[in-house]
Amino acid sequence: MNRLIGLISGLLFISTLHSEAQISTFGPAASGQVLWAKVDGDNISSQPIPAYSLGGFARVKLLKFYIQPEVFYARKGADLLVHDLSTNQDTKQELRYETVDVNLMLGLQLFNDDIGFRLHKGPGMNHNLDNSYKVNGDKIDESAFRFNPIPLTGRQVLE
């Protein structure tokens with residue numbers, strides 16, 4: 001009996017949310033990133049490369065709040081120059097990796113739809129698709145620099 005009451009209550013709650021919910025936006029999203037931080041030491045220096053992400057999102061409104069799932073393909077990386085003090089040789093290293101990023105943002109619309117000012121935050125998951133690591137142009141096996149395949153991240157954005 002308790003399960004039946006719980007099931008009926010859950011269905012009523014979902015139907016109430018569904019009647020109040022309005023899918024306001026589906027859309028593509030793209031971004032470019034440049035990391036300005038650099039590593040400069042006695043035997044190593046880094047040069048970031050421009051990164052990009054392409055994907056899409058859906059925004060489901062619940063009054064002034066909304067839920068926004070997102071899926072992105074992203075490419076990131078850096079170039080390193082490592083100086084071996086024992087041989088006095090420089091080694092160029094290229095690090096590139098491609099990920100699929102899945103985020104579930106919870107947000108608040110601060111003003112009306114015309115202004116479009118929103119604040120959202122939420123967890124995300126990144127899955128590595130491809131790792132590419134080259135030393136002086138020669139590809140190195142990715143097991144030499146294994147990344148955590150599914151790290152959980154947090155993200156907050158002010159649009």
# chains A, B, ... in the order shown; residues from 1 in each chain; ligands from 1

$ residues_around --residues "Tyr52 of chain A" --least-positions-apart "6" --cutoff "6 Å" --atoms "only C-alpha atoms" --output "VMD selection string"
chain A and resid 31 to 33 74 to 75

$ write_last_selection --atoms "C-alpha atoms" --output "PDB file, in the first residue's frame"
ATOM      1  CA  SER A  31      33.649  28.219 -27.293  1.00  0.00           C
ATOM      2  CA  GLY A  32      37.314  28.917 -27.626  1.00  0.00           C
ATOM      3  CA  GLN A  33      39.784  29.025 -24.787  1.00  0.00           C
ATOM      4  CA  ALA A  74      36.631  19.542 -26.649  1.00  0.00           C
ATOM      5  CA  ARG A  75      40.263  19.639 -27.784  1.00  0.00           C
TER       6      ARG A  75
END

$ residues_around --residues "Gly56 of chain A" --least-positions-apart "6" --cutoff "6 Å" --atoms "only C-alpha atoms" --output "ChimeraX atom specification"
/A:27-29,70-71

$ write_last_selection --atoms "N, CA and C atoms" --output "compact mmCIF listing (two decimals), in the first residue's frame"
# COMPACT_ATOMS: atom_id res chain seq x y z
N GLY A 27 19.90 24.30 -28.31
CA GLY A 27 20.78 25.06 -29.16
C GLY A 27 22.19 24.54 -29.22
N PRO A 28 22.89 24.98 -30.25
CA PRO A 28 24.31 24.66 -30.35
C PRO A 28 25.12 25.59 -29.46
N ALA A 29 26.28 25.16 -29.11
CA ALA A 29 27.18 25.99 -28.31
C ALA A 29 28.61 25.73 -28.78
N GLU A 70 24.22 19.59 -20.91
CA GLU A 70 25.09 20.02 -22.00
C GLU A 70 26.00 18.85 -22.40
N VAL A 71 26.33 18.78 -23.67
CA VAL A 71 27.29 17.81 -24.18
C VAL A 71 28.23 18.55 -25.12

$ select_by_dssp --residues "segment 16-138 of chain A" --states "helix (DSSP H, G or I)" --output "ChimeraX atom specification"
/A:16-20

$ residues_around --residues "Lys64 of chain A" --least-positions-apart "4" --cutoff "9 Å" --atoms "only C-alpha atoms" --output "JSON, numbers by chain"
{"A": [107, 108, 109, 110, 111, 112]}

$ residues_around --residues "Leu80 of chain A" --least-positions-apart "6" --cutoff "8 Å" --atoms "only C-alpha atoms" --output "VMD selection string"
chain A and resid 44 to 47 92 to 95

$ atom_distance --atom1 "atom CA of Ala78 of chain A" --atom2 "atom CA of Leu129 of chain A"
17.0 Å

$ atom_distance --atom1 "atom CA of Val82 of chain A" --atom2 "atom CA of Ser132 of chain A"
17.4 Å

$ closest_residue --among "A:Leu35, A:Ala30, A:Ile49, A:Leu81" --to "Tyr97 of chain A" --atoms "only C-alpha atoms"
A:Ile49
